[in-house]
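> If you scroll down you'll find the structure; I have some questions about it.
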Amino acid sequence: MTLASIRYIIAYIVVLKPKPDDAPAQSLLRLGSRIRLARTRRKLRQEDLAHQIGRARATVVAIERGSPKTEIGAYVAALWALGLLQELDLVADPGLDRDGQALTFSAVDKRVRPRQQLNNKF
């Protein structure tokens, strides 16, 4: 094992591996692994997917690792190239947001500012 590979492993363990309670990072890891699975099922190389989305192979590697530093446009482009973009429409769909709907239709006072007493002194 070379010194460079040891440094890479240490960097992965310390920096790249998310904590178990880090829900956003875990979600990105799952998304990345699903994109990788979709790519391999379609018998595409990372280079092929990178060419289709107009990005570098390193970007595809970062997507498949679930890197939070990779821009969301790269993830969307990968989903589009794999034919999975329609599933993205379900993300943050207002029709599926039960908490938001409950807050919208609640009977609680909808004023943002507190009410002020009128001062009739001139």
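Residue numbering restarts at 1 for every chain of the structure tokens, chains are lettered A, B, ... in their displayed order, and ligands are numbered from 1 as they appear.
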Fewer than 3 positions away in the same chain doesn't count, so skip those; otherwise give me all residues within 8 Å of range 43-48 of chain A, counting only C-alpha atoms, as a ChimeraX atom specification.
/A:39-40,51-52,56-57,60-61
> What does the file look like for those residues with N, CA and C atoms, as a PDB file, in the first residue's frame?

ATOM      1  N   ARG A  39     -26.951   3.575 -13.751  1.00  0.00           N
ATOM      2  CA  ARG A  39     -25.945   3.652 -14.820  1.00  0.00           C
ATOM      3  C   ARG A  39     -25.415   2.270 -15.175  1.00  0.00           C
ATOM      4  N   THR A  40     -25.096   1.466 -14.174  1.00  0.00           N
ATOM      5  CA  THR A  40     -24.542   0.139 -14.450  1.00  0.00           C
ATOM      6  C   THR A  40     -25.594  -0.786 -15.064  1.00  0.00           C
ATOM      7  N   HIS A  51     -20.197  12.225 -20.767  1.00  0.00           N
ATOM      8  CA  HIS A  51     -20.355  12.816 -22.098  1.00  0.00           C
ATOM      9  C   HIS A  51     -21.809  13.223 -22.342  1.00  0.00           C
ATOM     10  N   GLN A  52     -22.755  12.392 -21.905  1.00  0.00           N
ATOM     11  CA  GLN A  52     -24.167  12.695 -22.114  1.00  0.00           C
ATOM     12  C   GLN A  52     -24.618  13.935 -21.348  1.00  0.00           C
ATOM     13  N   ALA A  56     -17.394  16.412 -16.643  1.00  0.00           N
ATOM     14  CA  ALA A  56     -16.195  15.588 -16.568  1.00  0.00           C
ATOM     15  C   ALA A  56     -16.507  14.276 -15.851  1.00  0.00           C
ATOM     16  N   ARG A  57     -15.681  13.266 -16.104  1.00  0.00           N
ATOM     17  CA  ARG A  57     -15.855  11.978 -15.435  1.00  0.00           C
ATOM     18  C   ARG A  57     -15.752  12.143 -13.928  1.00  0.00           C
ATOM     19  N   VAL A  60     -19.081  12.784 -12.418  1.00  0.00           N
ATOM     20  CA  VAL A  60     -19.896  11.574 -12.294  1.00  0.00           C
ATOM     21  C   VAL A  60     -19.443  10.767 -11.088  1.00  0.00           C
ATOM     22  N   VAL A  61     -18.144  10.686 -10.869  1.00  0.00           N
ATOM     23  CA  VAL A  61     -17.619   9.989  -9.689  1.00  0.00           C
ATOM     24  C   VAL A  61     -18.126  10.662  -8.420  1.00  0.00           C
TER      25      VAL A  61
END
> Can you pull out the residues contacting Val76 in chain A? Cut-off 12 Å, using only C-alpha atoms, and skip same-chain residues under 3 positions away; I want them as a PDB file with N, CA and C atoms, in the first residue's frame.

ATOM      1  N   LEU A  31     -28.822   8.618  -2.934  1.00  0.00           N
ATOM      2  CA  LEU A  31     -29.086   9.081  -4.288  1.00  0.00           C
ATOM      3  C   LEU A  31     -27.916   8.727  -5.207  1.00  0.00           C
ATOM      4  N   GLY A  32     -26.713   8.954  -4.742  1.00  0.00           N
ATOM      5  CA  GLY A  32     -25.533   8.630  -5.546  1.00  0.00           C
ATOM      6  C   GLY A  32     -25.436   7.152  -5.867  1.00  0.00           C
ATOM      7  N   ILE A  35     -28.026   6.315  -8.497  1.00  0.00           N
ATOM      8  CA  ILE A  35     -27.605   6.771  -9.829  1.00  0.00           C
ATOM      9  C   ILE A  35     -26.561   5.812 -10.390  1.00  0.00           C
ATOM     10  N   ILE A  53     -24.062  14.147 -20.165  1.00  0.00           N
ATOM     11  CA  ILE A  53     -24.494  15.294 -19.365  1.00  0.00           C
ATOM     12  C   ILE A  53     -23.572  16.499 -19.532  1.00  0.00           C
ATOM     13  N   VAL A  60     -19.081  12.784 -12.418  1.00  0.00           N
ATOM     14  CA  VAL A  60     -19.896  11.574 -12.294  1.00  0.00           C
ATOM     15  C   VAL A  60     -19.443  10.767 -11.088  1.00  0.00           C
ATOM     16  N   ILE A  63     -20.845  12.490  -8.101  1.00  0.00           N
ATOM     17  CA  ILE A  63     -22.289  12.244  -7.999  1.00  0.00           C
ATOM     18  C   ILE A  63     -22.524  10.882  -7.375  1.00  0.00           C
ATOM     19  N   THR A  70     -20.989  18.748  -4.933  1.00  0.00           N
ATOM     20  CA  THR A  70     -21.365  18.710  -6.342  1.00  0.00           C
ATOM     21  C   THR A  70     -22.677  19.460  -6.508  1.00  0.00           C
ATOM     22  N   GLU A  71     -22.758  20.307  -7.533  1.00  0.00           N
ATOM     23  CA  GLU A  71     -23.953  21.132  -7.705  1.00  0.00           C
ATOM     24  C   GLU A  71     -25.170  20.279  -8.053  1.00  0.00           C
ATOM     25  N   ILE A  72     -26.314  20.765  -7.667  1.00  0.00           N
ATOM     26  CA  ILE A  72     -27.549  20.016  -7.866  1.00  0.00           C
ATOM     27  C   ILE A  72     -27.851  19.837  -9.353  1.00  0.00           C
ATOM     28  N   GLY A  73     -27.404  20.766 -10.177  1.00  0.00           N
ATOM     29  CA  GLY A  73     -27.610  20.644 -11.617  1.00  0.00           C
ATOM     30  C   GLY A  73     -26.949  19.407 -12.193  1.00  0.00           C
ATOM     31  N   LEU A  79     -29.791  12.351 -13.663  1.00  0.00           N
ATOM     32  CA  LEU A  79     -31.118  11.731 -13.625  1.00  0.00           C
ATOM     33  C   LEU A  79     -31.803  11.834 -14.989  1.00  0.00           C
ATOM     34  N   TRP A  80     -31.662  12.972 -15.649  1.00  0.00           N
ATOM     35  CA  TRP A  80     -32.251  13.162 -16.975  1.00  0.00           C
ATOM     36  C   TRP A  80     -31.641  12.185 -17.978  1.00  0.00           C
ATOM     37  N   ALA A  81     -30.317  12.064 -17.970  1.00  0.00           N
ATOM     38  CA  ALA A  81     -29.642  11.182 -18.921  1.00  0.00           C
ATOM     39  C   ALA A  81     -30.022   9.717 -18.706  1.00  0.00           C
ATOM     40  N   LEU A  82     -30.367   9.374 -17.480  1.00  0.00           N
ATOM     41  CA  LEU A  82     -30.738   7.988 -17.169  1.00  0.00           C
ATOM     42  C   LEU A  82     -32.246   7.759 -17.305  1.00  0.00           C
ATOM     43  N   GLY A  83     -32.988   8.786 -17.666  1.00  0.00           N
ATOM     44  CA  GLY A  83     -34.430   8.657 -17.845  1.00  0.00           C
ATOM     45  C   GLY A  83     -35.204   8.618 -16.538  1.00  0.00           C
ATOM     46  N   LEU A  84     -34.659   9.213 -15.493  1.00  0.00           N
ATOM     47  CA  LEU A  84     -35.288   9.184 -14.177  1.00  0.00           C
ATOM     48  C   LEU A  84     -35.742  10.557 -13.698  1.00  0.00           C
ATOM     49  N   LEU A  85     -35.834  11.506 -14.606  1.00  0.00           N
ATOM     50  CA  LEU A  85     -36.152  12.879 -14.209  1.00  0.00           C
ATOM     51  C   LEU A  85     -37.585  13.037 -13.731  1.00  0.00           C
ATOM     52  N   GLN A  86     -38.514  12.228 -14.233  1.00  0.00           N
ATOM     53  CA  GLN A  86     -39.918  12.386 -13.832  1.00  0.00           C
ATOM     54  C   GLN A  86     -40.105  12.109 -12.343  1.00  0.00           C
ATOM     55  N   GLU A  87     -39.273  11.260 -11.757  1.00  0.00           N
ATOM     56  CA  GLU A  87     -39.382  10.997 -10.329  1.00  0.00           C
ATOM     57  C   GLU A  87     -38.976  12.219  -9.499  1.00  0.00           C
ATOM     58  N   LEU A  88     -38.193  13.099 -10.084  1.00  0.00           N
ATOM     59  CA  LEU A  88     -37.758  14.307  -9.380  1.00  0.00           C
ATOM     60  C   LEU A  88     -38.923  15.262  -9.129  1.00  0.00           C
ATOM     61  N   ASP A  89     -39.984  15.146  -9.922  1.00  0.00           N
ATOM     62  CA  ASP A  89     -41.151  16.012  -9.742  1.00  0.00           C
ATOM     63  C   ASP A  89     -41.841  15.775  -8.401  1.00  0.00           C
ATOM     64  N   VAL A  91     -40.305  15.488  -5.570  1.00  0.00           N
ATOM     65  CA  VAL A  91     -39.539  16.131  -4.502  1.00  0.00           C
ATOM     66  C   VAL A  91     -40.158  17.488  -4.191  1.00  0.00           C
TER      67      VAL A  91
END
> Find the distance between CA of Ala102 in chain A and CA of Arg30 in chain A and write it in Å to one decimal.
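Interatomic distance here is 29.4 Å.
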> Using Å and a single decimal, report how far CA of Asp21 in chain A sits from CA of Ala38 in chain A.
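The value is 26.5 Å.
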> Any idea what's packed within 10 Å of Arg55 in chain A, counting only C-alpha atoms, ignoring anything in its chain fewer than 6 positions away? Could you give it as a list in words?
Glu47, Leu49, Ala74, Ala77 and Ala78 of chain A
> Emit the selected residues as a compact mmCIF listing (two decimals), in the first residue's frame, including N, CA and C atoms.

# COMPACT_ATOMS: atom_id res chain seq x y z
N GLU A 47 -17.57 7.45 -18.18
CA GLU A 47 -17.22 8.36 -19.26
C GLU A 47 -18.42 8.63 -20.17
N LEU A 49 -21.68 8.46 -19.39
CA LEU A 49 -22.63 9.33 -18.69
C LEU A 49 -22.12 10.76 -18.63
N ALA A 74 -25.83 19.00 -11.63
CA ALA A 74 -25.15 17.79 -12.10
C ALA A 74 -25.97 16.56 -11.75
N ALA A 77 -28.96 16.55 -14.13
CA ALA A 77 -28.54 16.15 -15.47
C ALA A 77 -28.31 14.64 -15.55
N ALA A 78 -27.74 14.06 -14.51
CA ALA A 78 -27.52 12.61 -14.49
C ALA A 78 -28.86 11.87 -14.47
> Rounded to one decimal in Å, what is the spacing between CA of Thr2 in chain A and CA of Pro68 in chain A?
27.8 Å
> Taking into account only C-alpha atoms, which residue in the set A:Gly54, A:Gly100, A:Gly66, A:Pro114 is nearest to Ser33 in chain A?
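Between A:Gly54, A:Gly100, A:Gly66, A:Pro114, the residue approaching Ser33 in chain A most closely is A:Gly66.
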> For the structure I just gave you, how does DSSP split range 30-73 of chain A - specifically, which residues are alpha helix (DSSP H)? Reply as a ChimeraX atom specification.
/A:30-41,46-53,57-65,72-73
